[in-house]
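Enquirer: Have a peek at my_file_8.csv (CSV, C-alpha atoms and all ligand atoms).
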```csv
chain,number,residue,atom,x,y,z
A,150,MET,CA,22.5,-6.1,16.0
A,151,THR,CA,21.1,-4.1,13.2
A,152,GLN,CA,19.6,-6.0,10.3
A,153,ALA,CA,19.4,-3.8,7.2
A,154,SER,CA,15.9,-4.9,6.1
A,155,SER,CA,13.2,-7.0,7.8
A,156,PHE,CA,10.5,-8.9,5.9
A,157,VAL,CA,7.6,-9.1,8.5
A,158,TYR,CA,5.5,-12.1,7.6
A,159,SER,CA,3.3,-14.7,9.2
A,160,PRO,CA,1.6,-17.7,7.5
A,161,GLN,CA,-1.5,-16.7,9.4
A,162,TYR,CA,-1.8,-13.5,7.2
A,163,THR,CA,-3.8,-15.7,4.8
A,164,LEU,CA,-6.7,-15.8,7.4
A,165,TYR,CA,-7.6,-12.3,6.2
A,166,ASP,CA,-9.9,-13.8,3.7
A,167,PHE,CA,-13.3,-12.4,2.4
A,168,GLY,CA,-13.9,-15.6,0.4
A,169,SER,CA,-13.0,-17.0,-2.9
A,170,THR,CA,-15.2,-14.7,-5.0
A,171,HIS,CA,-13.9,-11.5,-3.4
A,172,PRO,CA,-11.1,-9.6,-5.3
A,173,PHE,CA,-8.9,-9.1,-2.1
A,174,ASN,CA,-7.4,-12.6,-2.0
A,175,PRO,CA,-4.6,-13.6,0.3
A,176,ARG,CA,-3.2,-16.0,-2.3
A,177,ARG,CA,-1.3,-13.1,-3.6
A,178,LEU,CA,0.8,-13.0,-0.3
A,179,LEU,CA,1.7,-16.7,-0.7
A,180,ALA,CA,2.6,-16.2,-4.3
A,181,THR,CA,4.8,-13.2,-3.5
A,182,THR,CA,6.8,-14.9,-0.8
A,183,SER,CA,7.1,-17.9,-3.0
A,184,LEU,CA,8.5,-15.8,-5.8
A,185,ALA,CA,11.0,-13.9,-3.6
A,186,GLU,CA,12.1,-17.2,-2.2
A,187,SER,CA,12.5,-18.9,-5.5
A,188,MET,CA,14.7,-16.0,-6.6
A,189,GLY,CA,16.9,-16.5,-3.6
A,190,LEU,CA,16.0,-13.0,-2.3
A,191,LEU,CA,14.1,-14.2,0.8
A,192,THR,CA,15.3,-16.6,3.4
A,193,SER,CA,14.2,-17.4,7.0
A,194,ARG,CA,16.9,-15.0,8.3
A,195,ASP,CA,15.1,-12.1,6.7
A,196,ILE,CA,11.7,-13.0,8.2
A,197,VAL,CA,10.4,-11.4,11.4
A,198,GLU,CA,7.1,-12.9,12.9
A,199,PRO,CA,4.6,-10.2,13.7
A,200,LYS,CA,2.7,-10.1,17.0
A,201,PRO,CA,-1.0,-9.2,16.6
A,202,ALA,CA,-2.0,-5.6,17.5
A,203,SER,CA,-3.4,-5.3,21.0
A,204,PRO,CA,-6.8,-3.7,21.7
A,205,ASP,CA,-5.0,-0.6,23.0
A,206,ASP,CA,-3.1,-0.4,19.7
A,207,LEU,CA,-6.3,-0.6,17.7
A,208,LEU,CA,-7.9,2.1,19.9
A,209,LEU,CA,-5.1,4.6,18.8
A,210,ILE,CA,-7.3,5.1,15.7
A,211,HIS,CA,-10.5,3.1,16.0
A,212,GLN,CA,-13.6,3.6,18.2
A,213,PRO,CA,-14.3,1.0,20.9
A,214,ASN,CA,-17.8,0.2,19.6
A,215,TYR,CA,-16.4,-0.6,16.1
A,216,VAL,CA,-13.7,-2.9,17.5
A,217,ASP,CA,-16.4,-4.6,19.6
A,218,MET,CA,-18.5,-5.2,16.5
A,219,VAL,CA,-15.6,-6.7,14.5
A,220,GLU,CA,-14.9,-9.0,17.5
A,221,GLN,CA,-18.5,-10.4,17.4
A,222,PHE,CA,-17.7,-12.5,14.3
A,223,GLN,CA,-15.9,-15.5,15.8
A,224,GLU,CA,-17.8,-18.7,14.8
A,225,GLU,CA,-19.4,-19.7,11.5
A,226,ALA,CA,-22.8,-19.2,13.1
A,227,ASP,CA,-22.0,-15.5,13.8
A,228,VAL,CA,-21.6,-14.7,10.1
A,229,HIS,CA,-25.1,-16.1,9.5
A,230,ASN,CA,-26.8,-14.4,12.4
A,231,PRO,CA,-29.3,-11.9,10.9
A,232,SER,CA,-29.5,-9.5,13.8
A,233,LEU,CA,-25.7,-9.4,14.0
A,234,LEU,CA,-25.4,-8.8,10.3
A,235,GLN,CA,-28.0,-6.0,10.5
A,236,ALA,CA,-26.0,-4.3,13.3
A,237,ALA,CA,-22.7,-4.7,11.4
A,238,GLN,CA,-24.0,-2.7,8.5
A,239,ASN,CA,-23.8,0.5,10.7
A,240,TYR,CA,-20.0,-0.1,10.7
A,241,GLY,CA,-19.5,-0.7,7.0
A,242,LEU,CA,-19.4,-4.5,7.5
A,243,ALA,CA,-21.5,-7.2,6.0
A,244,THR,CA,-21.5,-5.4,2.7
A,245,GLU,CA,-20.4,-6.5,-0.7
A,246,ASP,CA,-17.0,-4.8,-0.2
A,247,ASN,CA,-16.5,-5.8,3.4
A,248,PRO,CA,-18.2,-9.1,4.1
A,249,VAL,CA,-17.8,-10.6,7.5
A,250,PHE,CA,-15.9,-13.9,8.2
A,251,PRO,CA,-15.1,-15.9,11.3
A,252,ARG,CA,-12.3,-14.5,13.4
A,253,MET,CA,-11.9,-11.4,11.2
A,254,HIS,CA,-10.8,-9.4,14.3
A,255,GLN,CA,-7.8,-11.7,14.8
A,256,ALA,CA,-6.9,-11.7,11.1
A,257,ALA,CA,-7.1,-7.9,10.8
A,258,SER,CA,-5.3,-7.4,14.1
A,259,LEU,CA,-2.4,-9.5,12.8
A,260,ALA,CA,-2.2,-7.4,9.6
A,261,VAL,CA,-1.9,-4.3,11.9
A,262,GLY,CA,0.5,-6.1,14.1
A,263,GLY,CA,2.8,-6.6,11.1
A,264,THR,CA,3.1,-2.9,10.4
A,265,LEU,CA,3.5,-2.2,14.1
A,266,THR,CA,6.2,-4.8,14.3
A,267,ALA,CA,7.9,-3.1,11.3
A,268,ALA,CA,7.6,0.2,13.2
A,269,ARG,CA,9.1,-1.3,16.4
A,270,MET,CA,12.0,-2.8,14.4
A,271,VAL,CA,12.8,0.6,12.9
A,272,ALA,CA,12.1,2.7,16.0
A,273,SER,CA,14.4,0.5,18.1
A,274,GLY,CA,17.2,0.6,15.5
A,275,LYS,CA,17.1,-3.2,15.1
A,276,SER,CA,16.3,-2.7,11.4
A,277,LEU,CA,16.7,0.3,9.1
A,278,HIS,CA,14.1,-0.8,6.6
A,279,ALA,CA,11.1,-3.1,7.1
A,280,LEU,CA,8.3,-4.4,4.8
A,281,ASN,CA,4.9,-5.8,5.7
A,282,ILE,CA,3.1,-6.9,2.5
A,283,ALA,CA,-0.1,-7.6,4.4
A,284,GLY,CA,-0.4,-3.9,5.4
A,285,GLY,CA,-1.5,-0.9,3.5
A,286,LEU,CA,-5.2,-1.1,4.5
A,287,HIS,CA,-5.5,2.6,4.0
A,288,HIS,CA,-9.3,3.0,3.7
A,289,ALA,CA,-10.3,1.8,7.2
A,290,GLN,CA,-12.0,4.5,9.2
A,291,PRO,CA,-12.2,5.1,12.9
A,292,SER,CA,-15.8,3.6,13.1
A,293,SER,CA,-16.1,1.6,10.0
A,294,ALA,CA,-14.6,-0.8,7.5
A,295,SER,CA,-14.1,0.6,4.0
A,296,GLY,CA,-12.7,-0.7,0.7
A,297,PHE,CA,-11.7,-4.2,1.9
A,298,CYS,CA,-9.9,-2.5,4.9
A,299,ILE,CA,-11.0,-3.5,8.4
A,300,TYR,CA,-8.3,-1.8,10.6
A,301,ASN,CA,-6.0,0.9,9.4
A,302,ASP,CA,-2.5,-0.5,10.0
A,303,ALA,CA,-0.5,2.5,8.7
A,304,ALA,CA,-2.5,5.1,10.7
A,305,ILE,CA,-2.3,3.0,13.9
A,306,SER,CA,1.5,2.6,13.4
A,307,ILE,CA,2.0,6.3,12.7
A,308,LYS,CA,0.1,7.1,16.0
A,309,TRP,CA,2.2,4.5,17.8
A,310,LEU,CA,5.4,6.0,16.5
A,311,SER,CA,4.3,9.6,17.4
A,312,GLN,CA,3.7,8.4,21.0
A,313,HIS,CA,6.9,6.4,21.3
A,314,THR,CA,9.3,8.7,19.4
A,315,SER,CA,9.7,12.4,18.8
A,316,TRP,CA,9.8,11.7,15.0
A,317,ARG,CA,8.1,13.6,12.3
A,318,ILE,CA,6.6,11.1,9.9
A,319,ALA,CA,6.0,11.2,6.1
A,320,TYR,CA,3.5,8.8,4.6
A,321,LEU,CA,3.6,8.3,0.8
A,322,ASP,CA,0.8,6.3,-0.9
A,323,ILE,CA,1.1,5.1,-4.5
A,324,ASP,CA,-2.0,2.9,-4.5
A,325,ALA,CA,-4.4,3.6,-7.4
A,326,HIS,CA,-7.0,4.6,-4.8
A,327,HIS,CA,-6.8,7.7,-2.6
A,328,GLY,CA,-5.3,6.9,0.9
A,329,ASP,CA,-8.3,8.6,2.5
A,330,GLY,CA,-8.2,6.8,5.9
A,331,VAL,CA,-4.6,7.7,6.6
A,332,GLN,CA,-5.0,11.3,5.3
A,333,GLN,CA,-8.1,11.8,7.6
A,334,ALA,CA,-6.3,10.5,10.7
A,335,PHE,CA,-3.6,13.2,10.4
A,336,TYR,CA,-5.5,16.0,8.6
A,337,ASP,CA,-4.7,18.5,11.4
A,338,ASP,CA,-1.4,17.0,12.6
A,339,PRO,CA,1.7,19.3,12.0
A,340,ASN,CA,4.0,16.3,12.6
A,341,VAL,CA,2.7,14.0,9.9
A,342,LEU,CA,2.9,14.7,6.2
A,343,THR,CA,0.7,12.6,3.9
A,344,ILE,CA,1.1,12.4,0.1
A,345,SER,CA,-1.2,10.3,-2.0
A,346,CYS,CA,-0.8,9.8,-5.7
A,347,HIS,CA,-3.8,8.0,-7.2
A,348,GLU,CA,-6.3,7.8,-10.0
A,349,THR,CA,-8.6,10.8,-9.7
A,350,GLY,CA,-11.6,10.3,-7.5
A,351,GLN,CA,-13.8,11.7,-10.2
A,352,TYR,CA,-14.0,8.1,-11.6
A,353,LEU,CA,-12.7,5.8,-8.8
A,354,PHE,CA,-13.5,4.8,-5.2
A,355,PRO,CA,-13.4,6.4,-2.7
A,356,GLY,CA,-14.0,9.7,-4.6
A,357,THR,CA,-11.8,11.9,-2.5
A,358,GLY,CA,-8.1,13.0,-2.9
A,359,SER,CA,-8.4,16.2,-4.9
A,360,VAL,CA,-5.6,18.8,-4.9
A,361,GLU,CA,-7.8,21.1,-2.8
A,362,GLU,CA,-7.6,18.7,0.1
A,363,LEU,CA,-4.6,20.2,1.9
A,364,GLY,CA,-5.2,19.6,5.6
A,365,THR,CA,-6.6,21.9,8.3
A,366,GLY,CA,-5.4,23.9,11.3
A,367,LYS,CA,-1.7,23.3,12.1
A,368,GLY,CA,-1.7,20.5,9.5
A,369,TYR,CA,-2.7,22.8,6.7
A,370,GLY,CA,-0.5,22.2,3.6
A,371,LEU,CA,0.7,18.8,5.0
A,372,SER,CA,-1.9,16.7,3.2
A,373,LEU,CA,-0.9,16.5,-0.4
A,374,ASN,CA,-2.8,14.8,-3.2
A,375,ILE,CA,-1.8,14.0,-6.8
A,376,PRO,CA,-5.0,12.9,-8.6
A,377,LEU,CA,-4.0,11.3,-12.0
A,378,ARG,CA,-6.0,11.0,-15.1
A,379,PRO,CA,-7.4,7.6,-16.0
A,380,TYR,CA,-5.0,5.8,-18.4
A,381,THR,CA,-1.9,7.4,-16.9
A,382,GLU,CA,1.3,5.5,-17.9
A,383,ASP,CA,4.7,4.9,-16.3
A,384,ASP,CA,6.5,8.1,-17.3
A,385,SER,CA,3.8,10.5,-16.4
A,386,ASN,CA,3.2,8.8,-13.0
A,387,LEU,CA,6.9,9.0,-12.2
A,388,GLU,CA,7.2,12.5,-13.4
A,389,CYS,CA,4.4,13.6,-11.0
A,390,LEU,CA,6.0,11.9,-8.0
A,391,GLU,CA,9.5,13.1,-8.8
A,392,ALA,CA,8.1,16.7,-9.1
A,393,ILE,CA,6.4,16.7,-5.7
A,394,VAL,CA,7.8,14.1,-3.3
A,395,PRO,CA,11.5,15.2,-2.9
A,396,ARG,CA,10.5,18.9,-2.5
A,397,ALA,CA,7.9,17.9,0.1
A,398,LEU,CA,10.4,15.8,2.0
A,399,GLU,CA,13.0,18.6,1.8
A,400,TYR,CA,10.5,21.1,3.2
A,401,PHE,CA,9.0,18.8,5.9
A,402,GLN,CA,12.3,17.2,7.2
A,403,PRO,CA,10.8,14.0,8.3
A,404,ASP,CA,12.6,11.4,10.5
A,405,LEU,CA,10.9,8.4,9.0
A,406,LEU,CA,9.2,7.5,5.7
A,407,ILE,CA,6.3,5.1,5.5
A,408,SER,CA,5.3,4.1,1.9
A,409,GLN,CA,2.2,2.2,0.8
A,410,HIS,CA,2.8,0.1,-2.3
A,411,GLY,CA,-0.7,-0.8,-3.6
A,412,CYS,CA,0.0,-2.1,-7.2
A,413,ASP,CA,-3.6,-1.9,-8.5
A,414,GLY,CA,-2.6,0.8,-11.0
A,415,HIS,CA,-1.1,-1.9,-13.3
A,416,TYR,CA,-2.7,-2.1,-16.7
A,417,TRP,CA,-3.9,-5.6,-16.0
A,418,ASP,CA,-5.5,-4.8,-12.7
A,419,PRO,CA,-9.3,-5.3,-13.0
A,420,LEU,CA,-10.4,-2.5,-10.6
A,421,THR,CA,-8.7,0.7,-11.8
A,422,ASP,CA,-8.0,2.6,-15.0
A,423,LEU,CA,-4.3,3.5,-14.6
A,424,LEU,CA,-1.9,1.9,-17.1
A,425,VAL,CA,1.4,1.5,-15.3
A,426,SER,CA,3.7,-1.5,-15.7
A,427,THR,CA,6.0,-3.3,-13.4
A,428,TYR,CA,8.7,-1.0,-14.6
A,429,PHE,CA,7.0,1.8,-12.7
A,430,TYR,CA,6.7,-0.4,-9.5
A,431,SER,CA,10.4,-1.2,-9.6
A,432,LYS,CA,11.5,2.3,-10.4
A,433,ILE,CA,9.4,4.0,-7.7
A,434,SER,CA,10.5,1.5,-5.0
A,435,ALA,CA,14.1,2.3,-5.9
A,436,LEU,CA,13.4,6.0,-5.8
A,437,ILE,CA,11.6,5.7,-2.4
A,438,HIS,CA,14.6,3.8,-1.1
A,439,ASN,CA,16.9,6.6,-2.2
A,440,TRP,CA,14.6,9.3,-0.7
A,441,ALA,CA,14.6,7.4,2.6
A,442,HIS,CA,18.4,7.5,2.7
A,443,GLU,CA,18.5,11.2,1.6
A,444,TYR,CA,15.8,12.6,3.8
A,445,THR,CA,15.1,10.2,6.8
A,446,GLN,CA,18.5,8.7,7.6
A,447,GLY,CA,17.4,5.5,5.9
A,448,ARG,CA,14.4,4.9,8.2
A,449,TRP,CA,11.8,3.3,6.0
A,450,ILE,CA,8.7,1.2,6.5
A,451,ALA,CA,7.0,-0.1,3.4
A,452,VAL,CA,3.6,-1.8,3.3
A,453,GLY,CA,1.5,-3.5,0.7
A,454,GLY,CA,-2.0,-2.4,-0.3
A,455,GLY,CA,-4.3,-3.0,-3.2
A,456,GLY,CA,-3.5,-5.3,-6.1
A,457,TYR,CA,-6.1,-7.5,-7.7
A,458,GLU,CA,-4.2,-9.2,-10.5
A,459,LEU,CA,-3.3,-11.7,-7.9
A,460,LEU,CA,-0.7,-13.8,-9.8
A,461,ARG,CA,0.3,-11.9,-12.9
A,462,VAL,CA,1.1,-8.6,-11.2
A,463,VAL,CA,1.3,-8.6,-7.3
A,464,PRO,CA,4.1,-11.1,-6.8
A,465,ARG,CA,6.3,-9.4,-9.3
A,466,ALA,CA,5.6,-5.8,-8.0
A,467,TRP,CA,6.3,-6.7,-4.4
A,468,THR,CA,9.3,-9.0,-5.2
A,469,LEU,CA,10.8,-6.0,-7.1
A,470,LEU,CA,10.1,-3.8,-4.0
A,471,TRP,CA,11.9,-6.2,-1.7
A,472,ALA,CA,14.7,-6.6,-4.2
A,473,ASN,CA,15.2,-2.8,-4.2
A,474,MET,CA,14.8,-2.5,-0.5
A,475,THR,CA,17.6,-5.0,0.0
A,476,ASP,CA,19.9,-3.4,-2.7
A,477,ARG,CA,19.5,-6.3,-5.1
A,478,PRO,CA,17.6,-4.6,-7.9
A,479,LEU,CA,16.5,-6.9,-10.8
A,480,ASP,CA,17.5,-5.7,-14.2
A,481,ASP,CA,15.0,-5.4,-17.1
A,482,ASP,CA,15.8,-8.8,-18.6
A,483,ARG,CA,15.4,-10.9,-15.4
A,484,THR,CA,13.1,-13.8,-15.9
A,485,ILE,CA,10.7,-15.5,-13.5
A,486,PRO,CA,11.9,-19.0,-12.4
A,487,GLU,CA,10.2,-21.8,-14.3
A,488,THR,CA,9.6,-23.6,-11.0
A,489,TRP,CA,7.5,-20.7,-9.8
A,490,ILE,CA,5.5,-20.6,-13.0
A,491,ASP,CA,4.9,-24.3,-12.8
A,492,GLN,CA,3.7,-24.0,-9.2
A,493,TRP,CA,1.3,-21.0,-9.8
A,494,GLN,CA,0.1,-21.4,-13.4
A,495,PRO,CA,-2.7,-23.8,-12.4
A,496,PHE,CA,-4.3,-21.0,-10.4
A,497,SER,CA,-4.4,-18.5,-13.3
A,498,THR,CA,-6.6,-18.8,-16.3
A,499,LEU,CA,-4.2,-16.4,-18.2
A,500,PRO,CA,-0.5,-17.2,-18.9
A,501,LEU,CA,1.8,-15.9,-16.2
A,502,PRO,CA,4.4,-13.5,-17.5
A,503,ARG,CA,8.0,-14.7,-18.1
A,504,HIS,CA,9.8,-11.4,-17.0
A,505,PHE,CA,9.8,-9.3,-13.9
A,506,ILE,CA,9.7,-6.1,-16.0
A,507,ASP,CA,6.8,-6.1,-18.5
A,508,ARG,CA,7.8,-6.4,-22.1
A,509,ALA,CA,7.1,-3.5,-24.4
A,510,GLU,CA,5.0,-5.8,-26.7
A,511,ASP,CA,2.7,-6.6,-23.8
A,512,ARG,CA,1.9,-3.0,-22.9
A,513,PRO,CA,-1.3,-1.4,-24.1
A,514,THR,CA,-0.8,1.4,-26.5
A,515,THR,CA,-2.6,4.7,-25.8
A,516,PRO,CA,-2.7,7.3,-28.5
A,517,ARG,CA,-3.8,9.9,-25.9
A,518,SER,CA,-0.7,9.4,-23.6
A,519,PHE,CA,0.7,12.8,-24.5
A,520,ALA,CA,-2.5,14.6,-23.7
A,521,ILE,CA,-2.9,12.6,-20.5
A,522,ALA,CA,0.7,13.5,-19.4
A,523,GLU,CA,-0.1,17.2,-20.1
A,524,GLN,CA,-3.2,17.1,-18.0
A,525,ASN,CA,-1.3,15.6,-15.1
A,526,ARG,CA,1.3,18.4,-15.5
A,527,GLN,CA,-1.6,20.9,-15.1
A,528,THR,CA,-2.6,19.1,-11.9
A,529,ILE,CA,1.0,19.5,-10.5
A,530,HIS,CA,0.9,23.1,-11.5
A,531,HIS,CA,-2.4,23.6,-9.7
A,532,LEU,CA,-1.0,21.9,-6.6
A,533,ARG,CA,2.0,24.2,-6.7
A,534,GLN,CA,-0.1,27.3,-6.9
A,535,LEU,CA,-2.0,26.2,-3.8
A,536,VAL,CA,1.1,25.2,-1.8
A,537,PRO,CA,3.8,27.9,-2.4
A,538,TRP,CA,6.6,26.0,-0.8
A,539,LEU,CA,6.2,23.2,-3.4
B,601,ZN,ZN,18.9,1.1,2.2
B,602,ZN,ZN,-6.2,0.4,-4.2
```
Can you present the structure in this file as structure tokens?

Expert:
Amino acid sequence: MTQASSFVYSPQYTLYDFGSTHPFNPRRLLATTSLAESMGLLTSRDIVEPKPASPDDLLLIHQPNYVDMVEQFQEEADVHNPSLLQAAQNYGLATEDNPVFPRMHQAASLAVGGTLTAARMVASGKSLHALNIAGGLHHAQPSSASGFCIYNDAAISIKWLSQHTSWRIAYLDIDAHHGDGVQQAFYDDPNVLTISCHETGQYLFPGTGSVEELGTGKGYGLSLNIPLRPYTEDDSNLECLEAIVPRALEYFQPDLLISQHGCDGHYWDPLTDLLVSTYFYSKISALIHNWAHEYTQGRWIAVGGGGYELLRVVPRAWTLLWANMTDRPLDDDRTIPETWIDQWQPFSTLPLPRHFIDRAEDRPTTPRSFAIAEQNRQTIHHLRQLVPWL
């Protein structure tokens, strides 16, 4: 039986944990499911339990020696073993961004397994849409961890889909950081289109994602990047995506859309300089949903990603995404249940917002917003000059 939308989730997702002082904290996943449940939007019938990715799944993207290294960290003693820590640094591990922790291989394999489970649900026709909020680990590289990402769930799932279906796949990444790992995995692939819209790498990790990065060989023109100016706000971010994404999908004719929903571009996020609000995250998830029905027969997999304002932003952004995926959009005046605020306020030093959609009075004012929007239009113009079919 086809279920319209699946919410792929395991309580074990929270084992992907770099420690309490690290910005990537799994509490945001608990707070998100708790918010969706308290709104009556998420019940046990919606939830599909993921299976961990197998070693063969991981090897679709990652090098065996890297997976072996990640697997070394099993016991508490391993994460304090000096020679092991030394060796791990050759793989981007045991660094400030990507510290090691016991059983990190199992935790990261489950995050990948969530996106693969979503892919299998959609590929088999059991589900038309599927969401894995623990996915979106878009920086992971074949032989190294990067930017809090151990294994690259989206890249692995796209590879899996291209082996098990004849589908052409479009990947759209709206995280504030460039989706470099996914772009690189399919840079020469004529059957995968990647689009990343992010804060320009001139100022932000990982530094890549300029309009000139267009792919290579038979994949030339199928890696698209929209680098936004710092302090970009909702309207300009939406304008850029609406200018490029529908045309790209129309041209490429994909069979499935995978979207990455990092919500670290929010004005409260501590790690980036974009200034979008939860209005943007609601609107873009509704647009992506429409694009899936218009261009990919509804086949749509959504994954999470960055988001470091753990309680004030992430739970709202991803509950809005799930609400839109399941055709139950929340209007501008919808408030957060008091029970949820009572439950989570003790974990936040700042007051939790009362509304899903940020209130105008809470938004920062930027006198330069007109000039920034104009600079972003120039970027779109530049991209169109480089890619004539856009
Ligand atoms: Zn739908
Ligand atoms: Zn990010």

Enquirer: Taking into account only C-alpha atoms and all ligand atoms, which residue in the set A:Ile506, A:Ala334, A:Leu286, A:Ala279 is nearest to ligand ZN 602 (chain B)?

Expert: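 Ranking A:Ile506, A:Ala334, A:Leu286, A:Ala279 by distance to ligand ZN 602 (chain B), first place goes to A:Leu286.
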
Enquirer: Can you work out the spacing between CA of Trp309 in chain A and CA of Asn473 in chain A in Å, to one decimal?

Expert: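 Taking CA of Trp309 in chain A and CA of Asn473 in chain A, their separation equals 26.6 Å.
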
Enquirer: Just give me the gap between CA of Phe297 in chain A and CA of Ser183 in chain A in Å, one decimal is fine.

Expert: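 Computing the Euclidean distance for CA of Phe297 in chain A and CA of Ser183 in chain A yields 23.8 Å.
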
Enquirer: List the spatial neighbours of Arg512 in chain A as a list in words - criterion: any atom at most 10 Å away, all atoms listed in the file, same-chain residues fewer than 2 positions off excluded.

Expert: Glu382, Tyr416, Trp417, Leu424, Val425, Ser426, Asp507, Arg508, Ala509, Glu510, Thr514 and Thr515 of chain A

Enquirer: When you draw a straight line from CA of Gly241 in chain A to CA of Ile299 in chain A, how long is it in Å?

Expert: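 Separating CA of Gly241 in chain A from CA of Ile299 in chain A is a distance of 9.1 Å.
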
Enquirer: Dump the neighbourhood of ligand ZN 602 (chain B) as a list in words: all residues within 7 Å, distances computed on only C-alpha atoms and all ligand atoms.

Expert: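 Taking only C-alpha atoms and all ligand atoms into account, the residues around ligand ZN 602 (chain B) at most 7 Å away are Asp324, Ala325, His326, Gly411, Asp413, Gly454, Gly455 and Gly456 of chain A.
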
Enquirer: Please write out the residues within 10 Å of ligand ZN 601 (chain B) as a list in words, counting all atoms listed in the file.

Expert: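 Counting only what the definition allows, namely all atoms listed in the file, the set is Ala153, Ser154, Leu277, His278, Ala435, Ile437, His438, Asn439, Trp440, Ala441, His442, Gln446, Gly447, Arg448, Trp449, Asn473, Met474, Thr475 and Asp476 of chain A.
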
Enquirer: If I wrap all listed atoms of range 310-322 of chain A in a box with edges along x, y and z and add 5 Å on each side, what are its centre and edge lengths in Å to one decimal, as lines of an AutoDock Vina configuration file?

Expert:
```
center_x = 5.3
center_y = 9.8
center_z = 10.2
size_x = 19.0
size_y = 17.6
size_z = 32.2
```

Enquirer: Between A:Asp227, A:Val463, A:Pro502, A:Ala520, which one has atoms that come closest to Ala185 in chain A, using all atoms listed in the file?

Expert: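 Closest to Ala185 in chain A, using all atoms listed in the file: A:Val463.
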
Enquirer: Restricting the calculation to only C-alpha atoms: of A:Lys432, A:Ala236, A:Leu373, A:Thr170, which residue gets closest to Glu388 in chain A?

Expert: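 Nearest candidate to Glu388 in chain A out of A:Lys432, A:Ala236, A:Leu373, A:Thr170: A:Lys432.
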
Enquirer: So, counting all atoms listed in the file, which residue among A:Leu184, A:Cys346, A:Ala243, A:Leu353 is closest to Ala392 in chain A?

Expert: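 Closest to Ala392 in chain A of all the choices is A:Cys346.
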
Enquirer: Extract, using only C-alpha atoms, all DNA, RNA and protein residues at most 8 Å from Ser155 in chain A, discarding same-chain residues fewer than 4 positions from it, and format them as a compact mmCIF listing (two decimals) with C-alpha atoms, in the frame of the given file.

Expert:
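Output contents, as saved in result-v2.txt:
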```txt
# COMPACT_ATOMS: atom_id res chain seq x y z
CA ASP A 195 15.10 -12.10 6.70
CA ILE A 196 11.70 -13.00 8.20
CA VAL A 197 10.40 -11.40 11.40
CA ALA A 267 7.90 -3.10 11.30
CA MET A 270 12.00 -2.80 14.40
CA SER A 276 16.30 -2.70 11.40
CA HIS A 278 14.10 -0.80 6.60
CA ALA A 279 11.10 -3.10 7.10
CA LEU A 280 8.30 -4.40 4.80
```

Enquirer: Gln524 in chain A: which residues within 10 Å, counting all atoms listed in the file, same-chain residues fewer than 4 positions away excluded, as a list of chain:residue names?

Expert: A:Leu377, A:Arg378, A:Thr381, A:Ser385, A:Ser518, A:Phe519, A:Ala520, A:Thr528, A:Ile529, A:His530

Enquirer: Restricting the calculation to all atoms listed in the file: of A:Ala260, A:Ser293, A:Asn230, A:Cys389, which residue gets closest to Asn214 in chain A?

Expert: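 Checking each of A:Ala260, A:Ser293, A:Asn230, A:Cys389 against Asn214 in chain A, counting all atoms listed in the file, the winner is A:Ser293.
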
Enquirer: Have a look at A:Gly358, A:Asp404, A:Asp338, A:Gly366 and name the one nearest to Thr314 in chain A; count all atoms listed in the file.

Expert: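 For Thr314 in chain A, the nearest of the given residues is A:Asp404.
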
Enquirer: Within 9 Å of Leu363 in chain A, counting only C-alpha atoms, which residues qualify if same-chain residues fewer than 2 places away don't, as a PyMOL selection string?

Expert: chain A and resi 336+359-361+365+368-374+535-536
